[in-house]
Every structure is written in structure tokens, then in C-alpha cells.
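So this block is target09.txt, compact mmCIF, C-alpha atoms:
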# COMPACT_ATOMS: atom_id res chain seq x y z
CA MET A 193 8.72 -5.23 -5.42
CA LEU A 194 5.16 -6.08 -6.43
CA ASN A 195 3.57 -4.41 -9.38
CA ARG A 196 0.27 -2.63 -8.79
CA ARG A 197 -1.91 -5.39 -10.25
CA ASP A 198 -0.34 -8.16 -8.15
CA PHE A 199 -0.58 -6.08 -5.00
CA LEU A 200 -4.25 -5.27 -5.52
CA GLU A 201 -5.09 -8.88 -6.32
CA TYR A 202 -3.39 -10.03 -3.13
CA SER A 203 -5.11 -7.35 -1.05
CA LEU A 204 -8.55 -8.29 -2.35
CA LYS A 205 -7.92 -11.99 -1.72
CA SER A 206 -6.89 -11.12 1.83
CA ALA A 207 -10.09 -9.15 2.29
CA ILE A 208 -12.11 -12.29 1.59
CA LEU A 209 -10.44 -13.89 4.61
CA LEU A 210 -11.68 -11.27 7.08
CA GLY A 211 -14.24 -13.69 8.43
CA ILE A 212 -11.62 -16.06 9.86
CA GLY A 213 -10.99 -13.73 12.79
CA ASN A 214 -7.74 -12.51 14.24
CA LYS A 215 -6.70 -15.15 16.75
CA LEU A 216 -3.20 -14.68 18.09
CA VAL A 217 -0.83 -17.57 17.56
CA PRO A 218 2.60 -18.53 18.93
CA TRP A 219 5.34 -16.16 17.90
CA ALA A 220 6.86 -16.98 14.54
CA GLY A 221 10.43 -18.18 14.94
CA SER A 222 10.36 -17.99 18.74
CA LEU A 223 10.19 -20.48 21.58
CA PHE A 224 7.32 -18.98 23.50
CA THR A 225 3.73 -17.84 23.08
CA LEU A 226 2.22 -14.50 24.04
CA PRO A 227 2.19 -13.94 27.81
CA PRO A 228 -1.12 -13.85 29.72
CA GLU A 229 -3.10 -10.64 29.26
CA ASP A 230 -2.84 -9.74 32.95
CA GLN A 231 0.92 -9.31 32.50
CA VAL A 232 0.45 -6.53 29.93
CA SER A 233 0.72 -2.93 31.15
CA LEU A 234 0.15 -1.14 27.82
CA ARG A 235 -0.74 -2.50 24.40
CA PHE A 236 -0.81 -0.33 21.28
CA ALA A 237 -0.86 -0.72 17.51
CA VAL A 238 1.13 1.10 14.82
CA VAL A 239 0.05 1.46 11.19
CA SER A 240 1.18 3.72 8.36
CA ASP A 241 0.88 4.57 4.69
CA GLY A 242 -2.79 4.25 3.93
CA HIS A 243 -2.46 6.62 0.95
CA TYR A 244 -6.17 7.25 1.07
CA GLY A 245 -7.34 8.52 -2.31
CA GLN A 246 -4.44 7.22 -4.40
CA PRO A 247 -5.75 6.65 -7.94
CA GLN A 248 -6.09 3.07 -9.19
CA THR A 249 -5.91 1.55 -5.70
CA GLN A 250 -8.59 -0.06 -3.55
CA PHE A 251 -7.94 2.41 -0.73
CA ASP A 252 -11.32 2.07 0.97
CA GLN A 253 -11.14 -1.72 1.02
CA MET A 254 -7.57 -1.76 2.32
CA HIS A 255 -8.45 0.65 5.13
CA ASP A 256 -11.53 -1.40 6.02
CA LEU A 257 -9.38 -4.54 6.16
CA VAL A 258 -6.97 -3.07 8.71
CA ILE A 259 -9.53 -1.14 10.75
CA GLN A 260 -11.70 -4.21 11.17
CA ALA A 261 -8.66 -6.27 12.21
CA LEU A 262 -7.66 -3.63 14.78
CA ASN A 263 -11.20 -3.49 16.15
CA ARG A 264 -11.16 -7.27 16.57
CA GLU A 265 -7.84 -6.94 18.43
CA HIS A 266 -9.44 -4.31 20.66
CA SER A 267 -12.41 -6.51 21.51
CA GLY A 268 -10.07 -9.44 22.20
CA ARG A 269 -6.70 -8.91 23.85
CA GLY A 270 -7.30 -5.14 23.87
CA ILE A 271 -5.60 -2.08 22.35
CA ASP A 272 -5.06 1.09 24.39
CA PHE A 273 -4.53 3.22 21.28
CA THR A 274 -3.45 3.06 17.64
CA PHE A 275 -0.85 5.30 16.04
CA VAL A 276 -1.14 6.13 12.33
CA ASN A 277 2.40 7.01 11.28
CA GLY A 278 2.13 9.23 8.23
CA ASP A 279 0.92 9.27 4.62
CA LEU A 280 -2.69 9.13 5.69
CA PHE A 281 -3.84 10.48 2.34
CA HIS A 282 -2.23 10.66 -1.09
CA ASP A 283 -1.23 14.19 -2.15
CA ASP A 284 -4.71 15.68 -2.52
CA PRO A 285 -5.74 17.53 0.69
CA GLY A 286 -9.34 17.00 -0.34
CA PHE A 287 -8.95 13.52 1.15
CA LEU A 288 -7.92 14.81 4.60
CA LEU A 289 -11.43 14.92 6.07
CA PRO A 290 -12.53 11.64 4.44
CA VAL A 291 -9.50 9.79 5.80
CA LYS A 292 -10.11 11.17 9.28
CA LYS A 293 -13.69 9.97 9.03
CA LYS A 294 -12.36 6.55 8.03
CA TRP A 295 -9.92 6.29 10.97
CA ASP A 296 -12.68 7.50 13.29
CA GLU A 297 -14.19 4.03 12.76
CA LEU A 298 -11.53 2.65 15.11
CA ALA A 299 -12.97 1.43 18.40
CA MET A 300 -10.03 2.85 20.36
CA PRO A 301 -8.33 6.28 20.52
CA TYR A 302 -5.73 7.07 17.87
CA GLN A 303 -2.97 9.57 17.18
CA VAL A 304 -1.30 10.54 13.90
CA SER A 305 1.91 11.86 12.40
CA HIS A 306 2.44 13.86 9.22
CA GLY A 307 3.92 12.11 6.15
CA ASN A 308 5.45 13.32 2.90
CA HIS A 309 2.29 12.55 0.91
CA ASP A 310 0.14 14.47 3.40
CA LYS A 311 0.53 17.67 1.39
CA ILE A 312 -1.13 20.28 3.54
CA SER A 313 -0.05 23.13 5.82
CA GLU A 314 0.67 22.47 9.46
CA GLN A 315 -2.25 24.68 10.45
CA GLY A 316 -4.58 22.76 8.15
CA TRP A 317 -3.38 19.52 9.75
CA LYS A 318 -3.86 20.91 13.25
CA ASP A 319 -7.36 22.13 12.43
CA VAL A 320 -8.38 18.53 11.69
CA PHE A 321 -6.29 16.41 14.10
CA GLY A 322 -5.75 18.89 16.93
CA ASN A 323 -1.96 18.62 17.15
CA GLU A 324 0.97 20.34 15.47
CA TRP A 325 3.51 18.21 13.61
CA HIS A 326 5.79 17.90 16.65
CA TYR A 327 4.07 16.93 19.88
CA SER A 328 4.19 14.45 22.76
CA PHE A 329 1.74 12.54 24.93
CA LYS A 330 1.76 10.03 27.78
CA LYS A 331 -0.01 6.73 28.40
CA LYS A 332 0.41 5.07 31.79
CA ASN A 333 4.19 4.89 32.47
CA CYS A 334 5.15 5.50 28.83
CA SER A 335 5.92 8.69 26.92
CA PHE A 336 5.52 9.19 23.18
CA LEU A 337 7.20 11.76 20.94
CA VAL A 338 5.90 12.59 17.48
CA LEU A 339 8.35 14.18 15.03
CA ASN A 340 7.81 15.63 11.56
CA THR A 341 9.87 14.51 8.54
CA ALA A 342 8.22 16.29 5.61
CA SER A 343 7.45 19.78 4.34
CA PRO A 344 3.93 20.79 3.25
CA GLN A 345 5.10 20.17 -0.34
CA GLY A 346 6.26 16.62 0.46
CA GLU A 347 10.01 17.24 0.65
CA TYR A 348 11.93 14.96 3.01
CA ILE A 349 13.28 16.89 6.01
CA CYS A 350 14.86 16.04 9.34
CA PRO A 351 12.79 16.74 12.46
CA ASP A 352 13.19 20.10 14.14
CA LEU A 353 16.26 19.65 16.33
CA GLU A 354 15.32 22.18 19.01
CA LYS A 355 11.78 20.84 19.41
CA THR A 356 13.09 17.28 19.54
CA ARG A 357 15.68 18.20 22.17
CA ASP A 358 13.09 19.97 24.31
CA MET A 359 10.65 17.05 24.20
CA LEU A 360 13.34 14.50 25.00
CA LYS A 361 14.41 16.61 27.97
CA ALA A 362 10.82 16.94 29.17
CA HIS A 363 10.38 13.14 29.15
CA LYS A 364 13.84 12.11 30.34
CA LYS A 365 12.43 10.58 33.52
CA SER A 366 9.93 8.37 31.69
CA LYS A 367 10.68 4.69 32.09
CA HIS A 368 9.68 3.92 28.50
CA LEU A 369 10.03 6.46 25.71
CA PHE A 370 8.83 5.77 22.16
CA VAL A 371 9.33 7.97 19.10
CA PHE A 372 7.17 8.15 15.97
CA MET A 373 8.52 9.70 12.76
CA HIS A 374 7.36 8.81 9.27
CA ILE A 375 10.75 8.73 7.50
CA THR A 376 13.74 6.92 8.99
CA PRO A 377 16.82 9.05 9.84
CA TYR A 378 19.18 6.51 8.25
CA LYS A 379 19.78 5.79 4.58
CA TRP A 380 18.83 2.13 4.96
CA SER A 381 16.70 2.41 1.85
CA GLY A 382 15.99 4.78 -0.99
CA GLY A 383 13.30 6.28 1.22
CA GLY A 384 15.55 7.21 4.13
CA ILE A 385 17.22 10.53 4.90
CA GLU A 386 20.41 10.97 6.92
CA CYS A 387 19.73 13.00 10.10
CA PRO A 388 22.97 12.68 12.13
CA ASP A 389 22.06 15.41 14.63
CA ILE A 390 18.78 13.67 15.44
CA THR A 391 20.29 10.20 15.78
CA ALA A 392 23.11 11.56 17.96
CA LEU A 393 20.41 13.04 20.19
CA PHE A 394 18.59 9.72 20.33
CA ASN A 395 21.79 7.97 21.34
CA ARG A 396 22.07 10.18 24.44
CA HIS A 397 18.69 9.05 25.81
CA SER A 398 18.80 5.50 27.12
CA ASN A 399 15.08 5.45 27.89
CA ILE A 400 14.21 5.43 24.16
CA LYS A 401 12.87 1.91 23.65
CA ALA A 402 12.00 2.19 19.95
CA VAL A 403 11.65 4.62 17.04
CA PHE A 404 8.74 3.76 14.72
CA HIS A 405 8.68 4.48 10.99
CA GLY A 406 6.37 4.19 8.02
CA HIS A 407 7.29 5.30 4.49
CA ASP A 408 9.16 2.12 3.48
CA HIS A 409 6.26 -0.07 2.35
CA ASP A 410 8.54 -3.05 1.79
CA ILE A 411 10.04 -3.22 5.31
CA ASP A 412 8.21 -4.83 8.24
CA GLU A 413 11.08 -5.59 10.61
CA VAL A 414 13.15 -4.20 13.49
CA ARG A 415 16.58 -2.78 12.70
CA THR A 416 19.10 -1.69 15.32
CA LYS A 417 21.78 0.99 15.27
CA ASP A 418 23.86 2.18 18.24
CA GLY A 419 21.54 0.36 20.61
CA ILE A 420 18.37 2.07 19.30
CA HIS A 421 15.64 -0.07 17.72
CA TYR A 422 14.09 1.33 14.52
CA VAL A 423 10.79 -0.40 13.83
CA PHE A 424 8.87 -0.62 10.52
CA ASP A 425 5.31 -1.77 9.87
CA ALA A 426 5.06 -2.07 6.05
CA HIS A 427 1.84 -0.35 4.91
CA VAL A 428 -1.94 -0.24 4.93
CA GLY A 429 -2.52 0.89 1.34
CA GLY A 430 -0.78 2.38 -1.66
CA SER A 431 0.20 0.75 -4.92
CA TRP A 432 3.46 -0.93 -3.92
CA GLY A 433 5.24 -2.76 -1.12
CA LEU A 434 4.98 -6.06 0.71
CA PRO A 435 2.08 -8.23 -0.49
CA TYR A 436 -0.23 -7.60 2.45
CA SER A 437 -1.91 -4.79 4.39
CA GLY A 438 -0.45 -4.89 7.87
CA TYR A 439 -0.12 -3.42 11.32
CA ARG A 440 2.27 -3.79 14.24
CA ILE A 441 1.42 -4.57 17.86
CA VAL A 442 3.57 -3.43 20.79
CA GLU A 443 3.07 -4.85 24.28
CA VAL A 444 4.76 -3.24 27.28
CA MET A 445 4.77 -5.82 30.03
CA LYS A 446 4.49 -5.09 33.74
CA ASP A 447 8.03 -6.42 34.26
CA GLY A 448 9.41 -3.89 31.74
CA THR A 449 9.79 -6.31 28.84
CA ILE A 450 8.65 -4.94 25.48
CA LEU A 451 7.30 -7.33 22.86
CA THR A 452 6.42 -6.41 19.29
CA TYR A 453 5.10 -8.33 16.32
CA GLN A 454 3.90 -7.57 12.82
CA MET A 455 0.47 -8.78 11.70
CA ASN A 456 -1.01 -9.56 8.29
CA ALA A 457 -4.47 -7.98 8.62
CA GLY A 458 -6.16 -10.16 6.01
CA LEU A 459 -4.89 -13.49 7.34
CA GLY A 460 -4.79 -12.64 11.06
CA LYS A 461 -1.25 -14.01 11.01
CA GLN A 462 1.93 -12.94 12.75
CA MET A 463 4.67 -12.22 10.23
CA ASN A 464 7.54 -11.77 12.70
CA SER A 465 8.21 -11.00 16.37
CA ASP A 466 10.90 -9.33 18.45
CA LYS A 467 11.71 -8.67 22.09
CA LEU A 468 13.03 -5.11 22.22
CA GLY A 469 16.19 -4.75 24.24
CA ALA A 470 17.18 -8.32 23.44
CA LEU A 471 18.41 -7.74 19.90
CA VAL A 472 22.18 -8.16 19.66
CA GLN A 473 22.91 -7.84 15.98
CA GLU A 474 23.50 -4.30 14.76
CA MET A 475 22.09 -3.83 11.27
CA SER A 476 23.32 -0.92 9.21
CA ARG A 477 22.26 -1.80 5.73
What's the C-alpha cells form of this structure?
Amino acid sequence: MLNRRDFLEYSLKSAILLGIGNKLVPWAGSLFTLPPEDQVSLRFAVVSDGHYGQPQTQFDQMHDLVIQALNREHSGRGIDFTFVNGDLFHDDPGFLLPVKKKWDELAMPYQVSHGNHDKISEQGWKDVFGNEWHYSFKKKNCSFLVLNTASPQGEYICPDLEKTRDMLKAHKKSKHLFVFMHITPYKWSGGGIECPDITALFNRHSNIKAVFHGHDHDIDEVRTKDGIHYVFDAHVGGSWGLPYSGYRIVEVMKDGTILTYQMNAGLGKQMNSDKLGALVQEMSR
């Protein structure tokens, strides 16, 4: 784990490299390059953990780094929408409106989920972002479920089981179903929380293609349990975690293939890549 000084130094050095652009390169560790753009049905980005307003961090610069990278992606290969998966601000609700203003600089639509450091009431959240903490939406032939994993005071909680069940039922005919929830429902790390009722529910819905998480700043990979892919994207800001501000791209291809890769925003570099549905190793650490 990086200390705060090393992380900030790395982030600022990455910011200097913004001018190099964000050209996509062959997939790291794979035998093929990205498919032609006309084969992509839906392309979206996932980010998390900006911790806007955290003391002694360069939160504005780190947000600018990622937002500018995403806007370059949008003007290039294209992004249909971005999802900001929790911990938008850091504890103080006075930063709620400023962080919304910051994410409004994105050139594409975006949606959000509530994180444990977003310490505000659900009504206060809805007044700003327009959605409750549990909601769903559709894009093309894909459905998206957003689940809440934190109380207004920042306590870790499992998503509401009844609301989750109802949304899964409502979207059971969707070809591709994706779930966003800030905290992972497995104790893979010190930041996880065991939610056996939720994961058992997931396991009964074969159209769930991936469950996306933030919270764990030091994880930027895909882990698999009982055939469900749990996907992490490191972090945008905060004082700890992997030594870069990053985001994840997901591409749903017209043939049904789903590709995902993690990007270092400062370097415009792919950090890893996966083909969802093709992973064979179950990871339960």
C-alpha cells in the first residue's frame, strides 16, 4: 500500500502526461487487439472513489485527470455513458454539489451509486442526482441495476434484498444484465462484507454478466465466484491505493462478447484486460 506522499507524487507526475493522449493499444497479456468500432454495440466506463474534498489530497487534479481522459475516449472510440460507483465525496456533504458540478464536465451522460463515504440522507442524494439508492436503467439491449451498500452514517450494509429481487425479476429477460454496488458482497478484502442472500440471488440469474465494485482502491481486476464476475476499477482519488488514477472500459460487442479493460488515466495505458464469460479460474481469496 502506498503512503499518501508517494501516491500524490505519482498522481501529479501522471497529470503531466495528459498531453500524450489516450490512444488504445493492444490488450496487455492477450493475443488480439481491440475489435473494430463497428462491432461494438455498447461501450461504457466505470470509475469510483473520487473522495472529492478529502483533506491533504489533490482531489481536483485527480478528478480533472480522469474526466479529461474519459472525454478523450468519448471523442475517439466513443462512450455511451460513465458510471461513478460510490464515494463521490469524502464524508462532508458540503462537497456533494461541488462534486456533481465536477462530474457534469463529462462529455457523456453519467449515473452514480452511493458509497460509504457519501454521508448524506437518501433524500438529499436524490435531490441532487435524481435517483434513490436502489434503481435500474436500460441502454440498448442491456439492463443495469444499482444497489446500495452503505447507511447515511457510512456503515457497511448489504443491499435491500426485496428491492434487489424485484429489480432482477423485472429485468430477467434482458440479454445482458450488469450490477453496480460500491462494496463487494464477499470478504475478499478488509473492505468487503459478506452478503450471502444477495450472492445466492445473483447465482440464480444467468443473465448477470458482471457485478462492478469500487471501495477497494488497491484492486483493479476481475474476480470470479460461482460463475459471476466481480469487477474492480481501483480509484480516481483518495489518499491510498494503487499508484494511479484509473477507470475501466466495458465493450458489449454485437456478437454478445463482453470485453473489459482497466486504464491508467495519466498514461493512457491499459493495465489489464479480460473477456467476460471466458474466465475459467474461480478466485475466492
Figure out the distance between CA of Ser381 (chain A) and CA of Pro247 (chain A), please, to one decimal in Å.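 Result for CA of Pro247 (chain A) versus CA of Ser381 (chain A): 24.9 Å, one decimal.
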Best match for closeness to Thr376 (chain A) among A:Ser335, A:Glu354, A:Gly307, A:Asp319, counting all atoms listed in the file: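 Residue with the minimum atom-to-atom distance to Thr376 (chain A): A:Gly307.
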I'd like to know which of A:Leu468, A:Ile400, A:Met300, A:Leu353 is closest to Phe336 (chain A), using all atoms listed in the file.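 Among A:Leu468, A:Ile400, A:Met300, A:Leu353, it is A:Ile400 that comes nearest to Phe336 (chain A).
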A:Ser437, A:Thr249, A:Thr225, A:Thr391: which is nearest Tyr422 (chain A), counting all atoms listed in the file?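 Distance minimum relative to Tyr422 (chain A) lands on A:Thr391.
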Taking (0.8, -8.3, 7.1) in the file's own coordinates, collect the residues within 7 Å, counting only C-alpha atoms, and hand them back as an mmCIF file with C-alpha atoms, keeping the file's coordinate frame.
data_model
loop_
_atom_site.group_PDB
_atom_site.id
_atom_site.type_symbol
_atom_site.label_atom_id
_atom_site.label_comp_id
_atom_site.auth_asym_id
_atom_site.auth_seq_id
_atom_site.Cartn_x
_atom_site.Cartn_y
_atom_site.Cartn_z
ATOM 1 C CA TYR A 436 -0.230 -7.600 2.450
ATOM 2 C CA SER A 437 -1.910 -4.790 4.390
ATOM 3 C CA GLY A 438 -0.450 -4.890 7.870
ATOM 4 C CA TYR A 439 -0.120 -3.420 11.320
ATOM 5 C CA GLN A 454 3.900 -7.570 12.820
ATOM 6 C CA MET A 455 0.470 -8.780 11.700
ATOM 7 C CA ASN A 456 -1.010 -9.560 8.290
ATOM 8 C CA ALA A 457 -4.470 -7.980 8.620
ATOM 9 C CA MET A 463 4.670 -12.220 10.230
#
Let me make sure I understand: among A:Pro388, A:Gly448, A:Gly460, A:Gly429, which one has the smallest atom-to-atom distance to Gln250 (chain A) if we use all atoms listed in the file? A:Gly429
Residue with smallest distance to Ser366 (chain A) - pool A:Ser398, A:Asn263, A:Asn340, A:Gln253, counting only C-alpha atoms: A:Ser398
Counting all atoms listed in the file, the residue among A:Val238, A:Val232, A:Leu434, A:Met373 that lies closest to Ser328 (chain A) is A:Met373
Would you mind completing region 397-428 of chain A to N, CA and C atoms and writing the output as a short mmCIF file (atom, residue, chain, number, x, y, z; two decimals), keeping the file's coordinate frame?
data_model
loop_
_atom_site.label_atom_id
_atom_site.label_comp_id
_atom_site.auth_asym_id
_atom_site.auth_seq_id
_atom_site.Cartn_x
_atom_site.Cartn_y
_atom_site.Cartn_z
N HIS A 397 19.87 9.28 24.96
CA HIS A 397 18.69 9.05 25.81
C HIS A 397 18.42 7.55 25.90
N SER A 398 18.88 6.96 26.97
CA SER A 398 18.80 5.50 27.12
C SER A 398 17.38 5.01 27.36
N ASN A 399 16.45 5.90 27.67
CA ASN A 399 15.08 5.45 27.89
C ASN A 399 14.28 5.33 26.59
N ILE A 400 14.89 5.65 25.44
CA ILE A 400 14.21 5.43 24.16
C ILE A 400 14.19 3.92 23.88
N LYS A 401 13.02 3.36 23.86
CA LYS A 401 12.87 1.91 23.65
C LYS A 401 12.73 1.56 22.18
N ALA A 402 12.16 2.47 21.38
CA ALA A 402 12.00 2.19 19.95
C ALA A 402 11.64 3.47 19.22
N VAL A 403 12.03 3.54 17.94
CA VAL A 403 11.65 4.62 17.04
C VAL A 403 10.87 3.97 15.91
N PHE A 404 9.63 4.40 15.70
CA PHE A 404 8.74 3.76 14.72
C PHE A 404 8.68 4.58 13.43
N HIS A 405 8.71 3.86 12.31
CA HIS A 405 8.68 4.48 10.99
C HIS A 405 7.64 3.86 10.09
N GLY A 406 7.14 4.68 9.16
CA GLY A 406 6.37 4.19 8.02
C GLY A 406 7.22 4.37 6.79
N HIS A 407 6.60 4.86 5.70
CA HIS A 407 7.29 5.30 4.49
C HIS A 407 7.83 4.16 3.63
N ASP A 408 8.56 3.23 4.24
CA ASP A 408 9.16 2.12 3.48
C ASP A 408 8.17 0.96 3.46
N HIS A 409 7.33 0.91 2.43
CA HIS A 409 6.26 -0.07 2.35
C HIS A 409 6.76 -1.51 2.31
N ASP A 410 8.01 -1.69 1.95
CA ASP A 410 8.54 -3.05 1.79
C ASP A 410 9.40 -3.50 2.97
N ILE A 411 9.29 -2.82 4.11
CA ILE A 411 10.04 -3.22 5.31
C ILE A 411 9.05 -3.40 6.45
N ASP A 412 9.10 -4.55 7.12
CA ASP A 412 8.21 -4.83 8.24
C ASP A 412 8.97 -5.42 9.42
N GLU A 413 10.21 -4.98 9.62
CA GLU A 413 11.08 -5.59 10.61
C GLU A 413 11.65 -4.56 11.57
N VAL A 414 12.44 -5.05 12.54
CA VAL A 414 13.15 -4.20 13.49
C VAL A 414 14.62 -4.16 13.10
N ARG A 415 15.16 -2.96 12.96
CA ARG A 415 16.58 -2.78 12.70
C ARG A 415 17.20 -2.01 13.86
N THR A 416 18.47 -2.26 14.14
CA THR A 416 19.10 -1.69 15.32
C THR A 416 20.39 -0.99 14.95
N LYS A 417 20.57 0.20 15.50
CA LYS A 417 21.78 0.99 15.27
C LYS A 417 22.14 1.71 16.56
N ASP A 418 23.38 1.53 17.02
CA ASP A 418 23.86 2.18 18.24
C ASP A 418 22.93 1.94 19.42
N GLY A 419 22.38 0.74 19.49
CA GLY A 419 21.54 0.36 20.61
C GLY A 419 20.11 0.85 20.53
N ILE A 420 19.73 1.58 19.48
CA ILE A 420 18.37 2.07 19.30
C ILE A 420 17.65 1.18 18.29
N HIS A 421 16.44 0.77 18.61
CA HIS A 421 15.64 -0.07 17.72
C HIS A 421 14.78 0.80 16.82
N TYR A 422 14.89 0.61 15.52
CA TYR A 422 14.09 1.33 14.52
C TYR A 422 13.12 0.33 13.91
N VAL A 423 11.82 0.60 14.07
CA VAL A 423 10.79 -0.40 13.83
C VAL A 423 9.90 0.04 12.66
N PHE A 424 9.66 -0.89 11.73
CA PHE A 424 8.87 -0.62 10.52
C PHE A 424 7.64 -1.51 10.51
N ASP A 425 6.57 -1.03 9.87
CA ASP A 425 5.31 -1.77 9.87
C ASP A 425 4.71 -1.94 8.48
N ALA A 426 5.53 -1.87 7.43
CA ALA A 426 5.06 -2.07 6.05
C ALA A 426 4.05 -0.99 5.68
N HIS A 427 2.80 -1.33 5.42
CA HIS A 427 1.84 -0.35 4.91
C HIS A 427 0.42 -0.87 5.04
N VAL A 428 -0.52 0.08 5.01
CA VAL A 428 -1.94 -0.24 4.93
C VAL A 428 -2.39 -0.28 3.49
#
